[in-house]
Amino acid sequence: AAANPESAANPEAAANPESDGRPRDVVAAAVIDRDRVLLAQRAHPAALAGKWELPGGRVEAGETHAQALVREIREELGAEVEAGDGIGTPVALPNGLTLHAYRARLRSGTPAALEHLEMRWFTAAELRALDAEDVVPADRGWIPDLCRALEET
Ligand code: DCM
């Protein structure tokens, strides 16, 4: 296994992303409406372009996860959401960031792919039918959690 770059004893630690002072947390929204969850297809970077993800982005300094989630969905989908409970297990990203997913409910507006290639509402059956290759790697492990959430009621 590679050495842990976040170890306090590692002199490389100063070069990690957290040294820029920004939080290392990324939040992603599982916007659920009845039996469907919203996924969006990334436009960039090239390695992730065309793959489905839960929309979201980096938490800015001074923001709570919930505030960041609301802001990111406003920016990316042009809709207002209310953040709910966490869903799935947080995921360590290769770039030193940690990705956290939260349930979200639409409050107003109609979501649209403002920064994504496409957005689509998925039922649990449609999520299960997705090819893992077509899902952003960090989000793949959440598919069973999302299916459970959709089939809960
Ligand atoms: N990211 C991810 N899955 C998501 C949302 C984000 O893997 N559902 C990753 C991609 C980037 C980082 O988080 O490495 C920041 O996201 P963005 O580029 O969307 O701001």
# chains A, B, ... in the order shown; residues from 1 in each chain; ligands from 1
>>> select_by_dssp(residues="stretch 48-97 of chain A", states="helix (DSSP H, G or I)", output="ChimeraX atom specification")
/A:65-77
>>> write_last_selection(atoms="N, CA and C atoms", output="short mmCIF file (atom, residue, chain, number, x, y, z; two decimals), in the first residue's frame")
data_model
loop_
_atom_site.label_atom_id
_atom_site.label_comp_id
_atom_site.auth_asym_id
_atom_site.auth_seq_id
_atom_site.Cartn_x
_atom_site.Cartn_y
_atom_site.Cartn_z
N HIS A 65 -22.06 21.41 5.96
CA HIS A 65 -22.32 20.51 4.82
C HIS A 65 -23.68 20.83 4.20
N ALA A 66 -24.66 21.08 5.08
CA ALA A 66 -26.02 21.34 4.57
C ALA A 66 -26.05 22.61 3.73
N GLN A 67 -25.37 23.66 4.19
CA GLN A 67 -25.32 24.91 3.44
C GLN A 67 -24.64 24.72 2.10
N ALA A 68 -23.54 23.96 2.10
CA ALA A 68 -22.81 23.71 0.85
C ALA A 68 -23.69 22.94 -0.13
N LEU A 69 -24.44 21.98 0.39
CA LEU A 69 -25.31 21.17 -0.46
C LEU A 69 -26.37 22.04 -1.14
N VAL A 70 -26.99 22.90 -0.35
CA VAL A 70 -28.03 23.79 -0.89
C VAL A 70 -27.43 24.70 -1.96
N ARG A 71 -26.26 25.27 -1.68
CA ARG A 71 -25.60 26.17 -2.65
C ARG A 71 -25.23 25.43 -3.94
N GLU A 72 -24.64 24.25 -3.79
CA GLU A 72 -24.21 23.50 -4.97
C GLU A 72 -25.38 23.11 -5.86
N ILE A 73 -26.49 22.73 -5.25
CA ILE A 73 -27.65 22.32 -6.06
C ILE A 73 -28.29 23.53 -6.73
N ARG A 74 -28.25 24.67 -6.05
CA ARG A 74 -28.73 25.92 -6.66
C ARG A 74 -27.86 26.24 -7.88
N GLU A 75 -26.53 26.14 -7.73
CA GLU A 75 -25.60 26.47 -8.83
C GLU A 75 -25.70 25.47 -9.98
N GLU A 76 -25.77 24.19 -9.63
CA GLU A 76 -25.66 23.15 -10.66
C GLU A 76 -26.99 22.79 -11.31
N LEU A 77 -28.07 22.89 -10.53
CA LEU A 77 -29.37 22.45 -11.04
C LEU A 77 -30.43 23.55 -11.04
#
>>> residues_near_ligand(ligand="ligand 1", cutoff="9 Å", atoms="only C-alpha atoms and all ligand atoms", output="NGL selection string")
:A and (25-29 or 39-40 or 42 or 44-45 or 48 or 52-59 or 72 or 91 or 93-101 or 136-139)
>>> atom_distance(atom1="atom CA of A:Ile143", atom2="atom CA of A:Ala124")
8.5 Å
>>> closest_residue(among="A:Met119, A:Ala104, A:Ile32, A:Ala61", to="A:Val81", atoms="only C-alpha atoms")
A:Ala104
>>> atom_distance(atom1="atom CA of A:Ser108", atom2="atom CA of A:Gly78")
9.4 Å
>>> atom_distance(atom1="atom CA of A:Glu133", atom2="atom CA of A:Ala49")
11.6 Å
>>> closest_residue(among="A:Gly141, A:Gly21, A:Gly50, A:Gly109", to="A:Ala92", atoms="only C-alpha atoms")
A:Gly141
>>> residues_around(residues="A:Leu38", least_positions_apart="6", cutoff="7 Å", atoms="only C-alpha atoms", output="PyMOL selection string")
chain A and resi 30-32+119-122
>>> residues_around(residues="A:Thr123", least_positions_apart="3", cutoff="8 Å", atoms="only C-alpha atoms", output="list in words")
Asp35, Arg36, Val37, Glu126, Leu127, Cys147 and Leu150 of chain A
>>> closest_residue(among="A:Ala129, A:Ala47, A:Ala79, A:Ala149", to="A:Ala113", atoms="only C-alpha atoms")
A:Ala79
>>> select_by_dssp(residues="stretch 44-107 of chain A", states="strand (DSSP E)", output="count of residues only")
24
>>> closest_residue(among="A:Glu152, A:Arg34, A:Asp145, A:Pro23", to="A:Gly86", atoms="only C-alpha atoms")
A:Asp145
>>> decode(residues="stretch 76-116 of chain A", atoms="N, CA and C atoms", output="PDB file, in the first residue's frame")
ATOM      1  N   GLU A  76     -25.770  24.193  -9.632  1.00  0.00           N
ATOM      2  CA  GLU A  76     -25.662  23.154 -10.663  1.00  0.00           C
ATOM      3  C   GLU A  76     -26.992  22.794 -11.309  1.00  0.00           C
ATOM      4  N   LEU A  77     -28.074  22.890 -10.526  1.00  0.00           N
ATOM      5  CA  LEU A  77     -29.371  22.448 -11.044  1.00  0.00           C
ATOM      6  C   LEU A  77     -30.431  23.547 -11.036  1.00  0.00           C
ATOM      7  N   GLY A  78     -30.097  24.705 -10.466  1.00  0.00           N
ATOM      8  CA  GLY A  78     -31.040  25.814 -10.453  1.00  0.00           C
ATOM      9  C   GLY A  78     -32.291  25.549  -9.640  1.00  0.00           C
ATOM     10  N   ALA A  79     -32.170  24.711  -8.623  1.00  0.00           N
ATOM     11  CA  ALA A  79     -33.331  24.389  -7.789  1.00  0.00           C
ATOM     12  C   ALA A  79     -32.959  24.529  -6.320  1.00  0.00           C
ATOM     13  N   GLU A  80     -33.986  24.727  -5.503  1.00  0.00           N
ATOM     14  CA  GLU A  80     -33.783  24.855  -4.057  1.00  0.00           C
ATOM     15  C   GLU A  80     -34.088  23.514  -3.395  1.00  0.00           C
ATOM     16  N   VAL A  81     -33.128  23.048  -2.583  1.00  0.00           N
ATOM     17  CA  VAL A  81     -33.367  21.803  -1.850  1.00  0.00           C
ATOM     18  C   VAL A  81     -33.159  22.035  -0.365  1.00  0.00           C
ATOM     19  N   GLU A  82     -33.672  21.088   0.396  1.00  0.00           N
ATOM     20  CA  GLU A  82     -33.462  21.042   1.834  1.00  0.00           C
ATOM     21  C   GLU A  82     -32.627  19.799   2.090  1.00  0.00           C
ATOM     22  N   ALA A  83     -31.499  19.959   2.800  1.00  0.00           N
ATOM     23  CA  ALA A  83     -30.619  18.820   3.073  1.00  0.00           C
ATOM     24  C   ALA A  83     -31.196  17.967   4.188  1.00  0.00           C
ATOM     25  N   GLY A  84     -31.069  16.663   4.046  1.00  0.00           N
ATOM     26  CA  GLY A  84     -31.548  15.727   5.062  1.00  0.00           C
ATOM     27  C   GLY A  84     -30.408  14.922   5.655  1.00  0.00           C
ATOM     28  N   ASP A  85     -30.734  13.728   6.100  1.00  0.00           N
ATOM     29  CA  ASP A  85     -29.749  12.865   6.751  1.00  0.00           C
ATOM     30  C   ASP A  85     -28.690  12.369   5.773  1.00  0.00           C
ATOM     31  N   GLY A  86     -27.564  11.965   6.331  1.00  0.00           N
ATOM     32  CA  GLY A  86     -26.510  11.351   5.539  1.00  0.00           C
ATOM     33  C   GLY A  86     -27.003  10.031   4.966  1.00  0.00           C
ATOM     34  N   ILE A  87     -26.407   9.640   3.831  1.00  0.00           N
ATOM     35  CA  ILE A  87     -26.763   8.351   3.223  1.00  0.00           C
ATOM     36  C   ILE A  87     -25.470   7.685   2.764  1.00  0.00           C
ATOM     37  N   GLY A  88     -25.352   6.390   3.023  1.00  0.00           N
ATOM     38  CA  GLY A  88     -24.138   5.674   2.651  1.00  0.00           C
ATOM     39  C   GLY A  88     -22.967   6.084   3.528  1.00  0.00           C
ATOM     40  N   THR A  89     -21.811   5.533   3.227  1.00  0.00           N
ATOM     41  CA  THR A  89     -20.589   5.800   3.992  1.00  0.00           C
ATOM     42  C   THR A  89     -19.756   6.833   3.242  1.00  0.00           C
ATOM     43  N   PRO A  90     -19.168   7.816   3.947  1.00  0.00           N
ATOM     44  CA  PRO A  90     -18.292   8.771   3.264  1.00  0.00           C
ATOM     45  C   PRO A  90     -17.163   8.045   2.522  1.00  0.00           C
ATOM     46  N   VAL A  91     -16.736   8.631   1.412  1.00  0.00           N
ATOM     47  CA  VAL A  91     -15.750   7.994   0.534  1.00  0.00           C
ATOM     48  C   VAL A  91     -14.504   8.868   0.430  1.00  0.00           C
ATOM     49  N   ALA A  92     -13.335   8.272   0.620  1.00  0.00           N
ATOM     50  CA  ALA A  92     -12.071   8.994   0.431  1.00  0.00           C
ATOM     51  C   ALA A  92     -11.788   9.080  -1.056  1.00  0.00           C
ATOM     52  N   LEU A  93     -11.599  10.289  -1.559  1.00  0.00           N
ATOM     53  CA  LEU A  93     -11.293  10.484  -2.977  1.00  0.00           C
ATOM     54  C   LEU A  93      -9.778  10.419  -3.169  1.00  0.00           C
ATOM     55  N   PRO A  94      -9.328  10.090  -4.370  1.00  0.00           N
ATOM     56  CA  PRO A  94      -7.883   9.978  -4.631  1.00  0.00           C
ATOM     57  C   PRO A  94      -7.126  11.290  -4.389  1.00  0.00           C
ATOM     58  N   ASN A  95      -7.821  12.420  -4.443  1.00  0.00           N
ATOM     59  CA  ASN A  95      -7.152  13.721  -4.300  1.00  0.00           C
ATOM     60  C   ASN A  95      -7.105  14.242  -2.864  1.00  0.00           C
ATOM     61  N   GLY A  96      -7.390  13.373  -1.882  1.00  0.00           N
ATOM     62  CA  GLY A  96      -7.298  13.787  -0.487  1.00  0.00           C
ATOM     63  C   GLY A  96      -8.574  14.390   0.060  1.00  0.00           C
ATOM     64  N   LEU A  97      -9.602  14.535  -0.782  1.00  0.00           N
ATOM     65  CA  LEU A  97     -10.892  15.045  -0.330  1.00  0.00           C
ATOM     66  C   LEU A  97     -11.741  13.878   0.160  1.00  0.00           C
ATOM     67  N   THR A  98     -12.759  14.180   0.956  1.00  0.00           N
ATOM     68  CA  THR A  98     -13.697  13.150   1.407  1.00  0.00           C
ATOM     69  C   THR A  98     -15.093  13.541   0.963  1.00  0.00           C
ATOM     70  N   LEU A  99     -15.760  12.573   0.351  1.00  0.00           N
ATOM     71  CA  LEU A  99     -17.078  12.790  -0.242  1.00  0.00           C
ATOM     72  C   LEU A  99     -18.176  12.261   0.680  1.00  0.00           C
ATOM     73  N   HIS A 100     -19.133  13.138   0.990  1.00  0.00           N
ATOM     74  CA  HIS A 100     -20.241  12.798   1.893  1.00  0.00           C
ATOM     75  C   HIS A 100     -21.561  12.948   1.142  1.00  0.00           C
ATOM     76  N   ALA A 101     -22.428  11.958   1.233  1.00  0.00           N
ATOM     77  CA  ALA A 101     -23.737  12.054   0.559  1.00  0.00           C
ATOM     78  C   ALA A 101     -24.835  12.305   1.585  1.00  0.00           C
ATOM     79  N   TYR A 102     -25.782  13.142   1.182  1.00  0.00           N
ATOM     80  CA  TYR A 102     -26.937  13.464   2.020  1.00  0.00           C
ATOM     81  C   TYR A 102     -28.203  13.327   1.201  1.00  0.00           C
ATOM     82  N   ARG A 103     -29.261  12.928   1.881  1.00  0.00           N
ATOM     83  CA  ARG A 103     -30.571  12.992   1.235  1.00  0.00           C
ATOM     84  C   ARG A 103     -30.925  14.455   1.053  1.00  0.00           C
ATOM     85  N   ALA A 104     -31.725  14.734   0.054  1.00  0.00           N
ATOM     86  CA  ALA A 104     -32.209  16.098  -0.142  1.00  0.00           C
ATOM     87  C   ALA A 104     -33.602  16.029  -0.730  1.00  0.00           C
ATOM     88  N   ARG A 105     -34.404  17.038  -0.380  1.00  0.00           N
ATOM     89  CA  ARG A 105     -35.769  17.119  -0.890  1.00  0.00           C
ATOM     90  C   ARG A 105     -35.926  18.420  -1.654  1.00  0.00           C
ATOM     91  N   LEU A 106     -36.613  18.382  -2.771  1.00  0.00           N
ATOM     92  CA  LEU A 106     -36.855  19.578  -3.564  1.00  0.00           C
ATOM     93  C   LEU A 106     -37.834  20.492  -2.839  1.00  0.00           C
ATOM     94  N   ARG A 107     -37.481  21.768  -2.758  1.00  0.00           N
ATOM     95  CA  ARG A 107     -38.381  22.745  -2.141  1.00  0.00           C
ATOM     96  C   ARG A 107     -39.043  23.608  -3.211  1.00  0.00           C
ATOM     97  N   SER A 108     -38.258  24.029  -4.202  1.00  0.00           N
ATOM     98  CA  SER A 108     -38.830  24.822  -5.287  1.00  0.00           C
ATOM     99  C   SER A 108     -37.920  24.765  -6.504  1.00  0.00           C
ATOM    100  N   GLY A 109     -38.498  25.085  -7.636  1.00  0.00           N
ATOM    101  CA  GLY A 109     -37.739  25.077  -8.878  1.00  0.00           C
ATOM    102  C   GLY A 109     -37.771  23.715  -9.535  1.00  0.00           C
ATOM    103  N   THR A 110     -37.386  23.698 -10.788  1.00  0.00           N
ATOM    104  CA  THR A 110     -37.320  22.458 -11.563  1.00  0.00           C
ATOM    105  C   THR A 110     -35.862  22.216 -11.894  1.00  0.00           C
ATOM    106  N   PRO A 111     -35.278  21.115 -11.390  1.00  0.00           N
ATOM    107  CA  PRO A 111     -33.860  20.878 -11.642  1.00  0.00           C
ATOM    108  C   PRO A 111     -33.569  20.765 -13.136  1.00  0.00           C
ATOM    109  N   ALA A 112     -32.442  21.333 -13.538  1.00  0.00           N
ATOM    110  CA  ALA A 112     -31.984  21.264 -14.928  1.00  0.00           C
ATOM    111  C   ALA A 112     -30.471  21.121 -14.915  1.00  0.00           C
ATOM    112  N   ALA A 113     -29.926  20.479 -15.938  1.00  0.00           N
ATOM    113  CA  ALA A 113     -28.478  20.250 -16.014  1.00  0.00           C
ATOM    114  C   ALA A 113     -27.778  21.530 -16.470  1.00  0.00           C
ATOM    115  N   LEU A 114     -27.485  22.441 -15.517  1.00  0.00           N
ATOM    116  CA  LEU A 114     -26.832  23.707 -15.859  1.00  0.00           C
ATOM    117  C   LEU A 114     -25.329  23.525 -16.056  1.00  0.00           C
ATOM    118  N   GLU A 115     -24.749  22.564 -15.330  1.00  0.00           N
ATOM    119  CA  GLU A 115     -23.293  22.355 -15.413  1.00  0.00           C
ATOM    120  C   GLU A 115     -22.955  20.908 -15.764  1.00  0.00           C
ATOM    121  N   HIS A 116     -23.991  20.092 -15.934  1.00  0.00           N
ATOM    122  CA  HIS A 116     -23.785  18.681 -16.279  1.00  0.00           C
ATOM    123  C   HIS A 116     -24.199  18.456 -17.728  1.00  0.00           C
TER     124      HIS A 116
END
